Amino acid sequence: MKTDVEIAQEAKMQPIAQVAKSLNIAEDDLEMYGKYKAKISLDAWNKVKTNEDGKLILVTAINPTPAGEGKTTTSVGLADAFHKMGKNIAVALREPSLGPCFGLKGGAAGGGYAQVVPMEDINLHFTGDFHAITTAHNLLAAVIDNHIQQGNALDIDVRRVAWKRVLDLNDRALRHVVIGMGGKAHGVPRETGFDITVASEMMAILCLATDLEDMKKRLGQIVVAYTRDGRAVRADELNVTGALTLLFKDAIKPNLVQTLEGTPALIHGGPFANIAHGCNSVMATKFALKYADIVVTEAGFGADLGAEKFLDIKCRFAGLKPSAVVIVATVRALKMHGGLPKTELGKVDMSALEKGLENLIKHIETVKAFGLPAVVAINAFPTDTKEELDFVEKKCNELGAEVALSEVWAKGGEGGIALAEKVLAATEKPNNFNFTYEVEQSIPEKIEAIVKRVYGGDGVVFTGPAMKQLKEIEELGLDKMPVCMAKTQYSLSDDPTKLGRPKNFKITVKELRISAGAGFIVALTGDILTMPGLPKKPAAENMDIDVNGKITGLF
């Protein structure tokens, strides 16, 4: 089997104007980035805003394991299957972060014969959106420190500057730093740190804003620091909201590319789902829904993270209502959730499969609790046996979830037709979409609702520092916003070692952060890090480019 990058490099891509034409997007509404990439002009919205919305299909998954699940691959392959069936279809995805690309993952554009292309461009810089976010974020950080240096008219407490700097790389050495060293001319010394760009509140704002005006308003509402008497200082008070918005004048426009089979793909924004809200931009999704009859989108990691935030945050803000949810799993990953070591996943172990299946069952229950029909996509592996596949299907059917074998990695759209047919049927089932909580509830009540309904836990515990932050948030009147949980992706609990379906656990909230511009409160649990580190052998070590510009190792 060829590598992902080899398959992508052999692709016969259509000119992007031709791909746009299949969605009735006029060439005048495109801003070209070469032959195969374009941004959709914001002016195009006025032409389509009265169109009826298409059906929205959300793709999520079980809790990820090293065995792999293939959520993006399934999303792309499902869209290609609809395309093959003659449907007016678009797929809306997140942009990959350079950090994981050079770190552990090595790329995030699907896999096998279910990829978005040009794969190298999408993984490396793309249209510069992440650079715009990084620059805008760091401009605000520089302005804060300059304000303090130039007399500190706002009386900012240098010990309580909430706004760090960001970088789109995994660099653990920058998690905690001291700046302003070297004497009076070089700034005021203080402790701070770096987050990865995809954890920036500006990334969340880009993905939740409905237009440039809304983005400007949100940027101005960012809480950047606190005064010495405890007042929250907003970005607007530093008089640079206009400059920050200016840096997003192009980044806010959705990007249009294509799959290997020519299906239109809108790829825009990319917040992590374990520390941010994990969904592509509202604008890209809304554009796609106006242009296409069916839109396939995904949310990061398992249904306990990405799907919950997609439904409770993105859908709430954007007024979206999914027609069905696809939950991706593999027999191999289920056996790993059942306690089987990675080295033995090729063997039949019905006991491990039954135990691990509890993880999938919980996610099905969660989707049903949201009032949405669920379809399970089993990402096929050659080692899967009929006995194992039949067992998974039987258990899922008992919960009212249809199951389809997905072979899109090896066969592209053709391998996803069985799944597409079941998804189409699911969109006709009763749909009673509801949220996990109401924003008017207290923060502890909202988090407890997520823990009990989505994670299957018993409740929530706040540390002393988190309780202090909770009291301050309430006093500031900022507690009536949705909650964005920062939690390990590997477990339903906040302990990454507890696989399967853990029972009798509580979630410990260690820190609460205000993201007033994005419009939510971030609750940090466990040992979650907002700046990842590189593994012992980074994916970057396998990458190269030859004199002809041919890339290798970007898988």
# chains A, B, ... in the order shown; residues from 1 in each chain; ligands from 1
>>> residues_around(residues="stretch 438-451 of chain A", least_positions_apart="2", cutoff="8 Å", atoms="only C-alpha atoms", output="list in words")
Phe435, Thr436, Arg453, Val454, Tyr455, Gly456, Gly457, Asp458, Gly459, Val460, Leu470, Asp479, Lys480, Met481, Pro482, Val483, Lys506 and Ile507 of chain A
>>> write_last_selection(atoms="N, CA and C atoms", output="PDB file, in the first residue's frame")
ATOM      1  N   PHE A 435     -29.893  20.542  24.455  1.00  0.00           N
ATOM      2  CA  PHE A 435     -28.582  20.809  25.046  1.00  0.00           C
ATOM      3  C   PHE A 435     -28.428  20.096  26.387  1.00  0.00           C
ATOM      4  N   THR A 436     -27.185  19.954  26.817  1.00  0.00           N
ATOM      5  CA  THR A 436     -26.894  19.307  28.103  1.00  0.00           C
ATOM      6  C   THR A 436     -27.300  20.180  29.274  1.00  0.00           C
ATOM      7  N   ARG A 453     -24.054  13.364  32.361  1.00  0.00           N
ATOM      8  CA  ARG A 453     -24.743  12.929  31.146  1.00  0.00           C
ATOM      9  C   ARG A 453     -23.784  12.457  30.064  1.00  0.00           C
ATOM     10  N   VAL A 454     -22.653  13.146  29.923  1.00  0.00           N
ATOM     11  CA  VAL A 454     -21.745  12.858  28.805  1.00  0.00           C
ATOM     12  C   VAL A 454     -20.604  11.913  29.193  1.00  0.00           C
ATOM     13  N   TYR A 455     -20.036  12.095  30.397  1.00  0.00           N
ATOM     14  CA  TYR A 455     -18.905  11.253  30.806  1.00  0.00           C
ATOM     15  C   TYR A 455     -19.348  10.002  31.566  1.00  0.00           C
ATOM     16  N   GLY A 456     -20.541  10.056  32.161  1.00  0.00           N
ATOM     17  CA  GLY A 456     -20.980   8.932  32.979  1.00  0.00           C
ATOM     18  C   GLY A 456     -20.374   8.943  34.365  1.00  0.00           C
ATOM     19  N   GLY A 457     -19.929  10.121  34.819  1.00  0.00           N
ATOM     20  CA  GLY A 457     -19.328  10.246  36.140  1.00  0.00           C
ATOM     21  C   GLY A 457     -20.358  10.554  37.214  1.00  0.00           C
ATOM     22  N   ASP A 458     -19.863  10.673  38.440  1.00  0.00           N
ATOM     23  CA  ASP A 458     -20.754  10.902  39.586  1.00  0.00           C
ATOM     24  C   ASP A 458     -20.896  12.366  39.970  1.00  0.00           C
ATOM     25  N   GLY A 459     -19.954  13.207  39.546  1.00  0.00           N
ATOM     26  CA  GLY A 459     -20.026  14.607  39.938  1.00  0.00           C
ATOM     27  C   GLY A 459     -18.718  15.318  39.697  1.00  0.00           C
ATOM     28  N   VAL A 460     -18.591  16.509  40.278  1.00  0.00           N
ATOM     29  CA  VAL A 460     -17.422  17.346  40.037  1.00  0.00           C
ATOM     30  C   VAL A 460     -16.857  17.857  41.357  1.00  0.00           C
ATOM     31  N   LEU A 470     -13.845  30.660  40.554  1.00  0.00           N
ATOM     32  CA  LEU A 470     -15.294  30.588  40.359  1.00  0.00           C
ATOM     33  C   LEU A 470     -15.977  31.792  41.004  1.00  0.00           C
ATOM     34  N   ASP A 479     -20.480  34.356  34.513  1.00  0.00           N
ATOM     35  CA  ASP A 479     -20.729  32.925  34.714  1.00  0.00           C
ATOM     36  C   ASP A 479     -21.870  32.380  33.855  1.00  0.00           C
ATOM     37  N   LYS A 480     -22.599  33.244  33.185  1.00  0.00           N
ATOM     38  CA  LYS A 480     -23.741  32.782  32.382  1.00  0.00           C
ATOM     39  C   LYS A 480     -23.332  32.546  30.924  1.00  0.00           C
ATOM     40  N   MET A 481     -22.313  31.737  30.761  1.00  0.00           N
ATOM     41  CA  MET A 481     -21.822  31.368  29.429  1.00  0.00           C
ATOM     42  C   MET A 481     -21.663  29.846  29.380  1.00  0.00           C
ATOM     43  N   PRO A 482     -21.625  29.255  28.180  1.00  0.00           N
ATOM     44  CA  PRO A 482     -21.348  27.822  28.084  1.00  0.00           C
ATOM     45  C   PRO A 482     -19.974  27.481  28.679  1.00  0.00           C
ATOM     46  N   VAL A 483     -19.774  26.209  28.966  1.00  0.00           N
ATOM     47  CA  VAL A 483     -18.510  25.734  29.527  1.00  0.00           C
ATOM     48  C   VAL A 483     -17.783  24.891  28.496  1.00  0.00           C
ATOM     49  N   LYS A 506     -15.249  10.980  39.793  1.00  0.00           N
ATOM     50  CA  LYS A 506     -15.592  12.396  39.749  1.00  0.00           C
ATOM     51  C   LYS A 506     -14.531  13.137  38.940  1.00  0.00           C
ATOM     52  N   ILE A 507     -14.923  14.232  38.341  1.00  0.00           N
ATOM     53  CA  ILE A 507     -13.998  15.065  37.580  1.00  0.00           C
ATOM     54  C   ILE A 507     -13.498  16.190  38.491  1.00  0.00           C
TER      55      ILE A 507
END
>>> residues_around(residues="A:Ala539", least_positions_apart="4", cutoff="12 Å", atoms="only C-alpha atoms", output="ChimeraX atom specification")
/A:98-107,170,534-535,543-544,552-555
>>> write_last_selection(atoms="C-alpha atoms", output="mmCIF file, in the first residue's frame")
data_model
loop_
_atom_site.group_PDB
_atom_site.id
_atom_site.type_symbol
_atom_site.label_atom_id
_atom_site.label_comp_id
_atom_site.auth_asym_id
_atom_site.auth_seq_id
_atom_site.Cartn_x
_atom_site.Cartn_y
_atom_site.Cartn_z
ATOM 1 C CA LEU A 98 1.798 22.410 12.551
ATOM 2 C CA GLY A 99 2.562 21.341 16.143
ATOM 3 C CA PRO A 100 1.131 17.801 15.973
ATOM 4 C CA CYS A 101 2.113 17.581 12.296
ATOM 5 C CA PHE A 102 5.807 17.745 13.225
ATOM 6 C CA GLY A 103 5.188 16.033 16.567
ATOM 7 C CA LEU A 104 3.180 12.844 16.863
ATOM 8 C CA LYS A 105 0.609 12.753 14.044
ATOM 9 C CA GLY A 106 2.596 13.749 10.976
ATOM 10 C CA GLY A 107 -0.402 15.273 9.201
ATOM 11 C CA ASN A 170 4.925 21.734 20.254
ATOM 12 C CA LEU A 534 7.386 16.672 21.250
ATOM 13 C CA PRO A 535 7.605 12.868 21.572
ATOM 14 C CA MET A 543 10.264 14.314 6.741
ATOM 15 C CA ASP A 544 12.278 15.571 3.813
ATOM 16 C CA THR A 552 8.364 12.535 1.854
ATOM 17 C CA GLY A 553 7.436 11.513 5.395
ATOM 18 C CA LEU A 554 4.345 13.724 5.677
ATOM 19 C CA PHE A 555 1.920 10.877 6.228
#
>>> atom_distance(atom1="atom CA of A:Gly302", atom2="atom CA of A:Lys355")
17.7 Å
>>> residues_around(residues="A:Gly187", least_positions_apart="5", cutoff="12 Å", atoms="only C-alpha atoms", output="list of chain:residue names")
A:Ala142, A:Val143, A:Ile144, A:Asp145, A:Asn146, A:His147, A:Ile148, A:Gln149, A:Gln150, A:Gly151, A:Asn152, A:Val158, A:Val178, A:Ile179, A:Gly180, A:Met181, A:Gly182
>>> write_last_selection(atoms="C-alpha atoms", output="PDB file, in the first residue's frame")
ATOM      1  CA  ALA A 142       3.135  42.911  22.983  1.00  0.00           C
ATOM      2  CA  VAL A 143       0.682  45.797  23.451  1.00  0.00           C
ATOM      3  CA  ILE A 144      -0.082  44.659  27.016  1.00  0.00           C
ATOM      4  CA  ASP A 145       3.605  44.632  27.966  1.00  0.00           C
ATOM      5  CA  ASN A 146       4.189  47.937  26.204  1.00  0.00           C
ATOM      6  CA  HIS A 147       1.265  49.485  28.108  1.00  0.00           C
ATOM      7  CA  ILE A 148       2.809  48.359  31.394  1.00  0.00           C
ATOM      8  CA  GLN A 149       6.246  49.672  30.318  1.00  0.00           C
ATOM      9  CA  GLN A 150       4.857  53.054  29.244  1.00  0.00           C
ATOM     10  CA  GLY A 151       3.360  53.948  32.626  1.00  0.00           C
ATOM     11  CA  ASN A 152       0.541  51.390  33.096  1.00  0.00           C
ATOM     12  CA  VAL A 158       1.706  42.463  36.445  1.00  0.00           C
ATOM     13  CA  VAL A 178      10.147  34.959  32.491  1.00  0.00           C
ATOM     14  CA  ILE A 179      10.122  37.997  30.191  1.00  0.00           C
ATOM     15  CA  GLY A 180      11.332  41.586  30.486  1.00  0.00           C
ATOM     16  CA  MET A 181      14.795  40.663  31.780  1.00  0.00           C
ATOM     17  CA  GLY A 182      17.874  42.776  31.067  1.00  0.00           C
TER      18      GLY A 182
END
>>> residues_around(residues="A:His363", least_positions_apart="5", cutoff="9 Å", atoms="only C-alpha atoms", output="list of chain:residue names")
A:Ala61, A:Ile62, A:Asn63, A:Gly302, A:Ala303, A:Asp304, A:Ile327, A:Glu358, A:Lys368, A:Val454, A:Tyr455
>>> write_last_selection(atoms="N, CA and C atoms", output="JSON list (two decimals), in the first residue's frame")
[["chain", "number", "residue", "atom", "x", "y", "z"],
["A", 61, "ALA", "N", -16.42, 10.10, 17.39],
["A", 61, "ALA", "CA", -15.75, 8.81, 17.55],
["A", 61, "ALA", "C", -15.78, 8.35, 19.00],
["A", 62, "ILE", "N", -15.26, 7.14, 19.21],
["A", 62, "ILE", "CA", -15.00, 6.67, 20.56],
["A", 62, "ILE", "C", -13.78, 7.41, 21.08],
["A", 63, "ASN", "N", -13.42, 7.21, 22.36],
["A", 63, "ASN", "CA", -12.19, 7.83, 22.87],
["A", 63, "ASN", "C", -11.00, 7.27, 22.10],
["A", 302, "GLY", "N", -13.22, 12.14, 20.86],
["A", 302, "GLY", "CA", -14.43, 11.37, 21.08],
["A", 302, "GLY", "C", -15.66, 12.24, 21.29],
["A", 303, "ALA", "N", -16.82, 11.58, 21.39],
["A", 303, "ALA", "CA", -18.06, 12.32, 21.58],
["A", 303, "ALA", "C", -18.11, 13.05, 22.92],
["A", 304, "ASP", "N", -17.28, 12.60, 23.88],
["A", 304, "ASP", "CA", -17.26, 13.27, 25.18],
["A", 304, "ASP", "C", -16.61, 14.64, 25.11],
["A", 327, "ILE", "N", -20.67, 7.78, 14.64],
["A", 327, "ILE", "CA", -19.66, 7.49, 15.67],
["A", 327, "ILE", "C", -18.68, 6.48, 15.08],
["A", 358, "GLU", "N", -18.07, -1.23, 25.76],
["A", 358, "GLU", "CA", -18.77, -0.34, 26.68],
["A", 358, "GLU", "C", -18.45, 1.13, 26.38],
["A", 368, "LYS", "N", -27.75, 9.79, 21.83],
["A", 368, "LYS", "CA", -29.20, 9.64, 21.98],
["A", 368, "LYS", "C", -29.75, 10.59, 23.04],
["A", 454, "VAL", "N", -22.65, 13.15, 29.92],
["A", 454, "VAL", "CA", -21.75, 12.86, 28.81],
["A", 454, "VAL", "C", -20.60, 11.91, 29.19],
["A", 455, "TYR", "N", -20.04, 12.10, 30.40],
["A", 455, "TYR", "CA", -18.91, 11.25, 30.81],
["A", 455, "TYR", "C", -19.35, 10.00, 31.57]]
>>> residues_around(residues="stretch 195-212 of chain A", least_positions_apart="5", cutoff="7 Å", atoms="only C-alpha atoms", output="PyMOL selection string")
chain A and resi 97+133-134+137+164-170+175+218+252+269-272+275-276+280-283+314+515+517-518+530-531
>>> atom_distance(atom1="atom CA of A:Ser406", atom2="atom CA of A:Ile7")
19.1 Å
>>> select_by_dssp(residues="stretch 177-243 of chain A", states="strand (DSSP E)", output="list of chain:residue names")
A:Val177, A:Val178, A:Ile179, A:Arg190, A:Glu191, A:Thr192, A:Phe194, A:Asp195, A:Ile196, A:Val223, A:Val224, A:Ala225, A:Tyr226, A:Thr227, A:Ala232, A:Val233, A:Arg234
>>> write_last_selection(atoms="all heavy atoms", output="short mmCIF file (atom, residue, chain, number, x, y, z; two decimals), in the first residue's frame")
data_model
loop_
_atom_site.label_atom_id
_atom_site.label_comp_id
_atom_site.auth_asym_id
_atom_site.auth_seq_id
_atom_site.Cartn_x
_atom_site.Cartn_y
_atom_site.Cartn_z
N VAL A 177 7.85 30.83 31.28
CA VAL A 177 9.01 31.67 30.98
C VAL A 177 8.93 32.96 31.79
O VAL A 177 7.87 33.34 32.31
CB VAL A 177 9.09 32.02 29.47
CG1 VAL A 177 9.23 30.77 28.63
CG2 VAL A 177 7.88 32.84 29.03
N VAL A 178 10.08 33.63 31.89
CA VAL A 178 10.15 34.96 32.49
C VAL A 178 10.56 35.92 31.39
O VAL A 178 11.54 35.67 30.66
CB VAL A 178 11.16 35.02 33.67
CG1 VAL A 178 11.24 36.43 34.22
CG2 VAL A 178 10.74 34.04 34.76
N ILE A 179 9.81 37.02 31.23
CA ILE A 179 10.12 38.00 30.19
C ILE A 179 10.51 39.33 30.83
O ILE A 179 10.32 39.53 32.03
CB ILE A 179 8.93 38.19 29.22
CG1 ILE A 179 7.69 38.69 29.99
CG2 ILE A 179 8.63 36.90 28.49
CD1 ILE A 179 6.54 39.11 29.09
N ARG A 190 8.26 39.73 34.38
CA ARG A 190 7.11 39.01 34.92
C ARG A 190 7.11 37.58 34.39
O ARG A 190 7.72 37.28 33.36
CB ARG A 190 5.79 39.71 34.56
CG ARG A 190 5.46 39.75 33.09
CD ARG A 190 4.12 40.46 32.84
NE ARG A 190 3.73 40.41 31.43
CZ ARG A 190 3.04 39.42 30.88
NH1 ARG A 190 2.66 38.38 31.61
NH2 ARG A 190 2.72 39.45 29.59
N GLU A 191 6.41 36.73 35.10
CA GLU A 191 6.26 35.33 34.67
C GLU A 191 5.10 35.22 33.70
O GLU A 191 4.06 35.85 33.86
CB GLU A 191 5.99 34.43 35.88
CG GLU A 191 7.17 34.25 36.81
CD GLU A 191 6.87 33.26 37.91
OE1 GLU A 191 6.41 32.14 37.59
OE2 GLU A 191 7.07 33.61 39.09
N THR A 192 5.29 34.41 32.67
CA THR A 192 4.22 34.15 31.71
C THR A 192 4.50 32.79 31.06
O THR A 192 5.12 31.92 31.66
CB THR A 192 4.12 35.30 30.68
OG1 THR A 192 3.02 35.04 29.79
CG2 THR A 192 5.39 35.47 29.87
N PHE A 194 3.84 30.28 27.05
CA PHE A 194 3.31 30.14 25.70
C PHE A 194 2.28 29.02 25.67
O PHE A 194 2.47 27.97 26.30
CB PHE A 194 4.43 29.78 24.71
CG PHE A 194 5.24 30.94 24.23
CD1 PHE A 194 6.18 31.54 25.05
CD2 PHE A 194 5.10 31.42 22.93
CE1 PHE A 194 6.95 32.60 24.61
CE2 PHE A 194 5.87 32.47 22.47
CZ PHE A 194 6.79 33.07 23.31
N ASP A 195 1.21 29.22 24.93
CA ASP A 195 0.27 28.15 24.57
C ASP A 195 0.49 27.84 23.10
O ASP A 195 1.10 28.63 22.36
CB ASP A 195 -1.17 28.59 24.79
CG ASP A 195 -1.52 28.76 26.26
OD1 ASP A 195 -0.90 28.10 27.11
OD2 ASP A 195 -2.42 29.58 26.56
N ILE A 196 -0.03 26.71 22.64
CA ILE A 196 -0.01 26.43 21.21
C ILE A 196 -1.11 27.26 20.54
O ILE A 196 -2.15 27.54 21.15
CB ILE A 196 -0.17 24.92 20.93
CG1 ILE A 196 0.12 24.60 19.45
CG2 ILE A 196 -1.55 24.41 21.35
CD1 ILE A 196 0.34 23.13 19.15
N VAL A 223 -10.75 39.25 27.90
CA VAL A 223 -10.20 39.66 29.20
C VAL A 223 -8.70 39.33 29.17
O VAL A 223 -8.31 38.16 29.11
CB VAL A 223 -10.89 38.94 30.37
CG1 VAL A 223 -10.18 39.26 31.69
CG2 VAL A 223 -12.35 39.35 30.45
N VAL A 224 -7.87 40.38 29.21
CA VAL A 224 -6.43 40.18 29.05
C VAL A 224 -5.67 40.22 30.37
O VAL A 224 -4.57 39.68 30.49
CB VAL A 224 -5.82 41.23 28.10
CG1 VAL A 224 -6.41 41.09 26.70
CG2 VAL A 224 -6.02 42.65 28.63
N ALA A 225 -6.25 40.86 31.39
CA ALA A 225 -5.54 41.02 32.66
C ALA A 225 -6.53 41.52 33.71
O ALA A 225 -7.72 41.73 33.43
CB ALA A 225 -4.39 42.02 32.51
N TYR A 226 -6.00 41.74 34.91
CA TYR A 226 -6.80 42.31 36.01
C TYR A 226 -6.02 43.46 36.63
O TYR A 226 -4.77 43.44 36.70
CB TYR A 226 -7.10 41.24 37.07
CG TYR A 226 -7.94 40.11 36.52
CD1 TYR A 226 -7.33 39.01 35.91
CD2 TYR A 226 -9.32 40.15 36.57
CE1 TYR A 226 -8.08 37.97 35.38
CE2 TYR A 226 -10.09 39.12 36.04
CZ TYR A 226 -9.46 38.04 35.44
OH TYR A 226 -10.21 37.02 34.90
N THR A 227 -6.74 44.46 37.09
CA THR A 227 -6.09 45.59 37.76
C THR A 227 -5.74 45.17 39.19
O THR A 227 -6.17 44.12 39.67
CB THR A 227 -7.01 46.81 37.80
OG1 THR A 227 -8.19 46.47 38.56
CG2 THR A 227 -7.42 47.23 36.39
N ALA A 232 -11.55 43.40 35.74
CA ALA A 232 -11.12 42.74 34.51
C ALA A 232 -10.82 43.78 33.43
O ALA A 232 -11.62 44.69 33.19
CB ALA A 232 -12.21 41.79 34.01
N VAL A 233 -9.67 43.67 32.79
CA VAL A 233 -9.26 44.58 31.71
C VAL A 233 -9.52 43.91 30.37
O VAL A 233 -9.07 42.78 30.13
CB VAL A 233 -7.76 44.95 31.83
CG1 VAL A 233 -7.34 45.86 30.67
CG2 VAL A 233 -7.48 45.61 33.17
N ARG A 234 -10.25 44.60 29.50
CA ARG A 234 -10.60 44.04 28.18
C ARG A 234 -9.64 44.56 27.11
O ARG A 234 -9.03 45.63 27.25
CB ARG A 234 -12.02 44.47 27.80
CG ARG A 234 -13.07 44.19 28.86
CD ARG A 234 -13.62 42.81 28.79
NE ARG A 234 -14.72 42.60 29.73
CZ ARG A 234 -15.64 41.66 29.58
NH1 ARG A 234 -15.62 40.86 28.54
NH2 ARG A 234 -16.59 41.51 30.48
#
